[in-house]
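Q: Got a structure for you, final05.csv, holding CSV, N, CA, C and O atoms.
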```csv
chain,number,residue,atom,x,y,z
A,9,LEU,N,0.8,-1.2,0.0
A,9,LEU,CA,0.0,0.0,0.0
A,9,LEU,C,0.9,1.2,0.0
A,9,LEU,O,1.9,1.3,0.7
A,10,ASN,N,0.4,2.2,-0.8
A,10,ASN,CA,1.1,3.5,-0.8
A,10,ASN,C,0.8,4.3,0.5
A,10,ASN,O,-0.2,4.2,1.1
A,11,THR,N,1.8,5.0,1.0
A,11,THR,CA,1.7,5.9,2.2
A,11,THR,C,2.2,7.3,1.8
A,11,THR,O,2.7,7.4,0.7
A,12,GLY,N,1.9,8.2,2.6
A,12,GLY,CA,2.4,9.5,2.4
A,12,GLY,C,1.3,10.4,1.7
A,12,GLY,O,0.2,10.0,1.6
A,13,LYS,N,1.8,11.5,1.2
A,13,LYS,CA,0.9,12.5,0.5
A,13,LYS,C,0.2,11.9,-0.7
A,13,LYS,O,0.8,11.2,-1.5
A,14,PHE,N,-1.1,12.2,-0.9
A,14,PHE,CA,-1.8,11.8,-2.1
A,14,PHE,C,-1.4,12.7,-3.2
A,14,PHE,O,-1.2,13.9,-3.1
A,15,SER,N,-1.2,12.1,-4.4
A,15,SER,CA,-0.9,12.9,-5.6
A,15,SER,C,-2.1,13.6,-6.1
A,15,SER,O,-3.3,13.2,-5.7
A,16,GLU,N,-1.9,14.6,-7.0
A,16,GLU,CA,-3.1,15.3,-7.6
A,16,GLU,C,-3.9,14.3,-8.3
A,16,GLU,O,-5.2,14.4,-8.3
A,17,GLU,N,-3.3,13.4,-9.0
A,17,GLU,CA,-4.1,12.4,-9.8
A,17,GLU,C,-4.9,11.5,-8.9
A,17,GLU,O,-6.1,11.2,-9.2
A,18,GLU,N,-4.4,11.1,-7.8
A,18,GLU,CA,-5.1,10.3,-6.8
A,18,GLU,C,-6.3,11.1,-6.3
A,18,GLU,O,-7.4,10.6,-6.1
A,19,ILE,N,-6.1,12.4,-6.0
A,19,ILE,CA,-7.2,13.2,-5.4
A,19,ILE,C,-8.3,13.3,-6.5
A,19,ILE,O,-9.5,13.3,-6.2
A,20,LYS,N,-7.9,13.6,-7.8
A,20,LYS,CA,-8.9,13.7,-8.8
A,20,LYS,C,-9.7,12.4,-9.0
A,20,LYS,O,-10.9,12.4,-9.1
A,21,LYS,N,-9.0,11.2,-8.9
A,21,LYS,CA,-9.7,9.9,-9.0
A,21,LYS,C,-10.7,9.7,-7.8
A,21,LYS,O,-11.8,9.2,-8.0
A,22,LEU,N,-10.2,10.2,-6.7
A,22,LEU,CA,-11.0,10.0,-5.5
A,22,LEU,C,-12.3,10.9,-5.6
A,22,LEU,O,-13.4,10.4,-5.3
A,23,ILE,N,-12.2,12.1,-6.0
A,23,ILE,CA,-13.3,13.0,-6.2
A,23,ILE,C,-14.3,12.4,-7.2
A,23,ILE,O,-15.5,12.4,-7.0
A,24,LYS,N,-13.8,11.9,-8.3
A,24,LYS,CA,-14.6,11.3,-9.3
A,24,LYS,C,-15.4,10.1,-8.7
A,24,LYS,O,-16.6,9.9,-9.0
A,25,ALA,N,-14.7,9.3,-7.9
A,25,ALA,CA,-15.3,8.1,-7.3
A,25,ALA,C,-16.4,8.6,-6.3
A,25,ALA,O,-17.5,7.9,-6.2
A,26,ILE,N,-16.2,9.6,-5.6
A,26,ILE,CA,-17.2,10.1,-4.6
A,26,ILE,C,-18.4,10.6,-5.4
A,26,ILE,O,-19.5,10.3,-5.0
A,27,VAL,N,-18.2,11.4,-6.4
A,27,VAL,CA,-19.3,11.9,-7.2
A,27,VAL,C,-20.1,10.7,-7.9
A,27,VAL,O,-21.3,10.7,-7.8
A,28,ARG,N,-19.3,9.8,-8.5
A,28,ARG,CA,-20.0,8.6,-9.1
A,28,ARG,C,-20.8,7.8,-8.1
A,28,ARG,O,-21.9,7.4,-8.4
A,29,ASN,N,-20.2,7.6,-6.9
A,29,ASN,CA,-20.9,6.9,-5.9
A,29,ASN,C,-22.2,7.6,-5.4
A,29,ASN,O,-23.2,7.0,-5.2
A,30,GLY,N,-22.1,8.9,-5.3
A,30,GLY,CA,-23.3,9.7,-4.9
A,30,GLY,C,-24.4,9.6,-6.0
A,30,GLY,O,-25.6,9.4,-5.7
A,31,PHE,N,-24.0,9.6,-7.3
A,31,PHE,CA,-24.9,9.5,-8.4
A,31,PHE,C,-25.6,8.1,-8.4
A,31,PHE,O,-26.8,8.0,-8.5
A,32,VAL,N,-24.8,7.1,-8.2
A,32,VAL,CA,-25.3,5.7,-8.3
A,32,VAL,C,-26.3,5.4,-7.1
A,32,VAL,O,-27.3,4.8,-7.3
A,33,ASN,N,-26.0,6.0,-6.0
A,33,ASN,CA,-26.9,5.8,-4.8
A,33,ASN,C,-27.9,6.9,-4.7
A,33,ASN,O,-28.6,7.0,-3.6
A,34,ASN,N,-28.1,7.8,-5.7
A,34,ASN,CA,-29.1,8.8,-5.7
A,34,ASN,C,-29.0,9.7,-4.5
A,34,ASN,O,-30.0,10.1,-3.8
A,35,LEU,N,-27.7,10.2,-4.2
A,35,LEU,CA,-27.5,11.0,-3.1
A,35,LEU,C,-27.0,12.4,-3.6
A,35,LEU,O,-26.2,12.5,-4.4
A,36,ASN,N,-27.6,13.5,-3.0
A,36,ASN,CA,-27.1,14.8,-3.3
A,36,ASN,C,-25.8,15.0,-2.5
A,36,ASN,O,-25.5,14.3,-1.6
A,37,PHE,N,-25.2,16.1,-2.7
A,37,PHE,CA,-23.9,16.4,-2.0
A,37,PHE,C,-24.1,16.5,-0.5
A,37,PHE,O,-23.3,15.8,0.2
A,38,PRO,N,-25.0,17.2,0.1
A,38,PRO,CA,-25.2,17.2,1.5
A,38,PRO,C,-25.4,15.8,2.1
A,38,PRO,O,-24.9,15.5,3.2
A,39,GLU,N,-26.2,15.0,1.4
A,39,GLU,CA,-26.5,13.7,1.9
A,39,GLU,C,-25.2,12.8,1.9
A,39,GLU,O,-24.9,12.1,2.9
A,40,LEU,N,-24.4,12.9,0.8
A,40,LEU,CA,-23.2,12.2,0.7
A,40,LEU,C,-22.2,12.6,1.7
A,40,LEU,O,-21.5,11.8,2.4
A,41,GLU,N,-22.1,13.9,1.9
A,41,GLU,CA,-21.2,14.5,2.9
A,41,GLU,C,-21.5,14.0,4.3
A,41,GLU,O,-20.6,13.6,5.0
A,42,SER,N,-22.8,14.0,4.6
A,42,SER,CA,-23.2,13.6,5.9
A,42,SER,C,-22.9,12.1,6.1
A,42,SER,O,-22.4,11.8,7.2
A,43,LEU,N,-23.1,11.3,5.2
A,43,LEU,CA,-22.8,9.9,5.3
A,43,LEU,C,-21.3,9.6,5.5
A,43,LEU,O,-20.9,8.8,6.2
A,44,LEU,N,-20.5,10.4,4.8
A,44,LEU,CA,-19.0,10.2,4.8
A,44,LEU,C,-18.4,10.8,6.0
A,44,LEU,O,-17.3,10.3,6.4
A,45,ILE,N,-18.9,11.8,6.6
A,45,ILE,CA,-18.3,12.5,7.7
A,45,ILE,C,-18.9,12.2,9.1
A,45,ILE,O,-18.1,12.0,10.0
A,46,ASN,N,-20.2,12.0,9.2
A,46,ASN,CA,-20.8,11.7,10.5
A,46,ASN,C,-20.5,10.3,10.9
A,46,ASN,O,-20.5,9.4,10.1
A,47,LYS,N,-20.4,10.1,12.2
A,47,LYS,CA,-20.2,8.8,12.7
A,47,LYS,C,-21.4,8.0,12.9
A,47,LYS,O,-21.4,6.8,13.2
A,48,LYS,N,-22.6,8.7,12.7
A,48,LYS,CA,-23.9,8.0,13.0
A,48,LYS,C,-24.1,6.9,12.0
A,48,LYS,O,-24.8,5.9,12.3
A,49,HIS,N,-23.7,7.0,10.8
A,49,HIS,CA,-24.0,6.1,9.7
A,49,HIS,C,-22.8,5.1,9.4
A,49,HIS,O,-22.4,4.9,8.3
A,50,LYS,N,-22.4,4.4,10.5
A,50,LYS,CA,-21.2,3.6,10.4
A,50,LYS,C,-21.3,2.5,9.3
A,50,LYS,O,-20.4,2.4,8.5
A,51,ASN,N,-22.3,1.7,9.2
A,51,ASN,CA,-22.4,0.6,8.3
A,51,ASN,C,-22.5,1.2,6.8
A,51,ASN,O,-21.9,0.7,5.9
A,52,THR,N,-23.4,2.2,6.6
A,52,THR,CA,-23.5,2.8,5.3
A,52,THR,C,-22.2,3.4,4.9
A,52,THR,O,-21.8,3.3,3.7
A,53,LYS,N,-21.5,4.1,5.8
A,53,LYS,CA,-20.3,4.7,5.5
A,53,LYS,C,-19.2,3.7,5.0
A,53,LYS,O,-18.5,3.9,4.1
A,54,GLN,N,-19.2,2.6,5.7
A,54,GLN,CA,-18.2,1.5,5.4
A,54,GLN,C,-18.5,1.0,4.0
A,54,GLN,O,-17.5,0.8,3.2
A,55,SER,N,-19.7,0.8,3.6
A,55,SER,CA,-20.0,0.3,2.3
A,55,SER,C,-19.7,1.3,1.2
A,55,SER,O,-19.1,1.0,0.1
A,56,ILE,N,-20.0,2.6,1.5
A,56,ILE,CA,-19.7,3.6,0.5
A,56,ILE,C,-18.1,3.8,0.4
A,56,ILE,O,-17.6,3.9,-0.7
A,57,LEU,N,-17.4,3.8,1.5
A,57,LEU,CA,-16.0,3.9,1.5
A,57,LEU,C,-15.3,2.8,0.7
A,57,LEU,O,-14.4,2.9,0.0
A,58,SER,N,-15.9,1.6,0.9
A,58,SER,CA,-15.3,0.4,0.2
A,58,SER,C,-15.5,0.6,-1.3
A,58,SER,O,-14.6,0.3,-2.1
A,59,ALA,N,-16.7,1.1,-1.8
A,59,ALA,CA,-16.9,1.4,-3.2
A,59,ALA,C,-16.0,2.5,-3.7
A,59,ALA,O,-15.4,2.3,-4.8
A,60,ILE,N,-15.8,3.5,-2.9
A,60,ILE,CA,-15.0,4.7,-3.3
A,60,ILE,C,-13.5,4.2,-3.4
A,60,ILE,O,-12.8,4.6,-4.3
A,61,SER,N,-13.1,3.4,-2.4
A,61,SER,CA,-11.7,3.1,-2.3
A,61,SER,C,-11.2,2.2,-3.5
A,61,SER,O,-10.0,2.1,-3.7
A,62,SER,N,-12.2,1.6,-4.2
A,62,SER,CA,-11.8,0.8,-5.3
A,62,SER,C,-11.1,1.6,-6.4
A,62,SER,O,-10.4,1.1,-7.2
A,63,ALA,N,-11.3,3.0,-6.4
A,63,ALA,CA,-10.7,3.9,-7.3
A,63,ALA,C,-9.2,4.0,-7.0
A,63,ALA,O,-8.4,4.4,-7.9
A,64,LEU,N,-8.8,3.7,-5.8
A,64,LEU,CA,-7.4,3.8,-5.3
A,64,LEU,C,-7.0,2.5,-4.6
A,64,LEU,O,-6.9,2.5,-3.4
A,65,PRO,N,-6.8,1.5,-5.4
A,65,PRO,CA,-6.6,0.2,-4.7
A,65,PRO,C,-5.2,0.1,-3.9
A,65,PRO,O,-5.1,-0.8,-3.1
A,66,ASN,N,-4.3,1.0,-4.2
A,66,ASN,CA,-3.0,1.0,-3.5
A,66,ASN,C,-3.0,1.9,-2.2
A,66,ASN,O,-2.0,2.1,-1.7
A,67,ARG,N,-4.2,2.3,-1.8
A,67,ARG,CA,-4.3,3.1,-0.6
A,67,ARG,C,-5.3,2.4,0.4
A,67,ARG,O,-6.2,1.7,0.0
A,68,SER,N,-5.0,2.6,1.7
A,68,SER,CA,-5.9,1.9,2.7
A,68,SER,C,-7.2,2.7,2.8
A,68,SER,O,-7.2,3.9,2.5
A,69,ILE,N,-8.2,2.0,3.2
A,69,ILE,CA,-9.5,2.7,3.4
A,69,ILE,C,-9.4,3.8,4.4
A,69,ILE,O,-10.0,4.8,4.3
A,70,LYS,N,-8.6,3.5,5.5
A,70,LYS,CA,-8.4,4.5,6.5
A,70,LYS,C,-7.8,5.8,6.0
A,70,LYS,O,-8.2,6.9,6.3
A,71,SER,N,-6.7,5.7,5.1
A,71,SER,CA,-6.1,6.9,4.6
A,71,SER,C,-7.1,7.6,3.6
A,71,SER,O,-7.1,8.8,3.6
A,72,ILE,N,-7.9,6.9,2.9
A,72,ILE,CA,-8.9,7.5,2.0
A,72,ILE,C,-10.0,8.2,2.8
A,72,ILE,O,-10.3,9.3,2.5
A,73,SER,N,-10.4,7.5,3.9
A,73,SER,CA,-11.4,8.1,4.8
A,73,SER,C,-10.8,9.4,5.4
A,73,SER,O,-11.5,10.5,5.5
A,74,ASP,N,-9.6,9.4,5.8
A,74,ASP,CA,-9.0,10.6,6.4
A,74,ASP,C,-8.9,11.8,5.4
A,74,ASP,O,-9.2,12.9,5.7
A,75,LEU,N,-8.6,11.4,4.1
A,75,LEU,CA,-8.5,12.4,3.1
A,75,LEU,C,-9.9,13.0,2.8
A,75,LEU,O,-10.1,14.2,2.6
A,76,ILE,N,-10.9,12.1,2.8
A,76,ILE,CA,-12.3,12.6,2.5
A,76,ILE,C,-12.7,13.6,3.6
A,76,ILE,O,-13.3,14.6,3.3
A,77,HIS,N,-12.3,13.3,4.9
A,77,HIS,CA,-12.7,14.2,5.9
A,77,HIS,C,-12.0,15.5,5.7
A,77,HIS,O,-12.6,16.6,5.9
A,78,ARG,N,-10.7,15.5,5.3
A,78,ARG,CA,-10.0,16.8,5.1
A,78,ARG,C,-10.6,17.6,3.9
A,78,ARG,O,-10.6,18.8,4.0
A,79,ILE,N,-11.1,16.9,2.9
A,79,ILE,CA,-11.6,17.5,1.8
A,79,ILE,C,-13.0,18.1,2.0
A,79,ILE,O,-13.3,19.2,1.7
A,80,LEU,N,-13.9,17.2,2.6
A,80,LEU,CA,-15.3,17.5,2.7
A,80,LEU,C,-15.7,18.3,4.0
A,80,LEU,O,-16.7,19.0,3.9
A,81,SER,N,-15.0,18.1,5.1
A,81,SER,CA,-15.4,18.8,6.3
A,81,SER,C,-15.3,20.3,6.2
A,81,SER,O,-14.3,20.9,6.0
A,82,ARG,N,-16.5,20.9,6.5
A,82,ARG,CA,-16.5,22.4,6.4
A,82,ARG,C,-15.8,23.0,7.6
A,82,ARG,O,-15.4,24.1,7.6
A,83,LYS,N,-15.6,22.2,8.7
A,83,LYS,CA,-14.9,22.7,9.9
A,83,LYS,C,-13.4,22.9,9.6
A,83,LYS,O,-12.7,23.6,10.3
A,84,ASN,N,-12.9,22.3,8.5
A,84,ASN,CA,-11.4,22.4,8.2
A,84,ASN,C,-11.1,23.7,7.6
A,84,ASN,O,-9.9,24.1,7.6
A,85,TYR,N,-12.0,24.3,6.9
A,85,TYR,CA,-11.7,25.6,6.2
A,85,TYR,C,-11.9,26.8,7.2
A,85,TYR,O,-13.0,26.9,7.7
A,86,LYS,N,-10.8,27.5,7.4
A,86,LYS,CA,-10.9,28.6,8.3
A,86,LYS,C,-10.5,29.9,7.6
A,86,LYS,O,-10.2,30.9,8.2
A,87,GLY,N,-10.6,29.9,6.3
A,87,GLY,CA,-10.3,31.1,5.5
A,87,GLY,C,-8.8,31.3,5.1
A,87,GLY,O,-8.0,30.4,5.5
A,88,ILE,N,-8.5,32.3,4.5
A,88,ILE,CA,-7.1,32.5,4.1
A,88,ILE,C,-6.3,32.9,5.3
A,88,ILE,O,-6.8,33.4,6.3
A,89,TRP,N,-5.0,32.6,5.2
A,89,TRP,CA,-4.1,32.9,6.4
A,89,TRP,C,-3.9,34.4,6.5
A,89,TRP,O,-3.9,35.2,5.6
A,90,THR,N,-3.8,34.8,7.8
A,90,THR,CA,-3.5,36.2,8.1
A,90,THR,C,-2.0,36.5,7.9
A,90,THR,O,-1.2,35.5,7.9
A,91,GLU,N,-1.6,37.7,7.9
A,91,GLU,CA,-0.2,38.1,7.8
A,91,GLU,C,0.5,37.6,9.0
A,91,GLU,O,1.7,37.1,8.9
A,92,ASP,N,-0.1,37.6,10.2
A,92,ASP,CA,0.6,37.1,11.4
A,92,ASP,C,0.9,35.6,11.3
A,92,ASP,O,2.0,35.2,11.6
A,93,GLU,N,-0.1,34.9,10.8
A,93,GLU,CA,0.1,33.4,10.6
A,93,GLU,C,1.2,33.1,9.6
A,93,GLU,O,2.1,32.2,9.8
A,94,ILE,N,1.3,33.9,8.5
A,94,ILE,CA,2.3,33.7,7.5
A,94,ILE,C,3.7,34.1,8.1
A,94,ILE,O,4.7,33.3,7.9
A,95,ASN,N,3.8,35.1,8.9
A,95,ASN,CA,5.0,35.5,9.5
A,95,ASN,C,5.5,34.4,10.5
A,95,ASN,O,6.7,34.2,10.6
A,96,ILE,N,4.6,33.8,11.2
A,96,ILE,CA,5.0,32.7,12.2
A,96,ILE,C,5.6,31.6,11.4
A,96,ILE,O,6.6,31.0,11.9
A,97,LEU,N,5.1,31.3,10.2
A,97,LEU,CA,5.6,30.2,9.4
A,97,LEU,C,7.0,30.5,9.0
A,97,LEU,O,7.9,29.8,8.9
```
Can I see the file as structure tokens?

A:
Amino acid sequence: LNTGKFSEEEIKKLIKAIVRNGFVNNLNFPELESLLINKKHKNTKQSILSAISSALPNRSIKSISDLIHRILSRKNYKGIWTEDEINIL
């Protein structure tokens, strides 16, 4: 299994698989986002993740799930960096 940072190509494949899976299961984006991020839907989430992960067979389902959380979770976006944050870096 591959480890480390996902390539741009892998991310594109993953996004296509997410969209395709939502279409196949007749889910709109908020429904799909809810299923993939919330812990309430554990069984459904696992089946959807299994289907999505087939797009990236060299990655673990855990690493794919983590990336999906980073991409989809609205809590992760906090806006552009301030000058102070840039200076700290």

Q: Which value, in Å to one decimal, gives the distance between atom O of Ser73 (chain A) and CA of Ile45 (chain A)?

A: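 Result for atom O of Ser73 (chain A) versus CA of Ile45 (chain A): 7.4 Å, one decimal.
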
Q: Would you please give, as a count of residues only, all residues of region 12-75 of chain A that DSSP assigns to helix (DSSP H, G or I) based on the backbone?

A: 45

Q: Calculate how many Å separate atom N of Lys53 (chain A) from atom O of Lys13 (chain A), rounding to one decimal.

A: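 Distance reported for this atom pair: 24.5 Å.
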
Q: Let me make sure I understand: among A:Ile23, A:Asp74, A:Glu93, A:Glu16, which one has the smallest atom-to-atom distance to Ile60 (chain A) if we use only C-alpha atoms?

A: A:Ile23

Q: To one decimal in Å, tell me the separation between atom C of Lys47 (chain A) and CA of Leu35 (chain A).

A: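 These two atoms are separated by 17.4 Å.
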
Q: Which residue, A:Ser68, A:Ala63, A:Ser55, A:His77, has the smallest gap to Glu18 (chain A) when you use only N, CA, C and O atoms?

A: A:Ala63
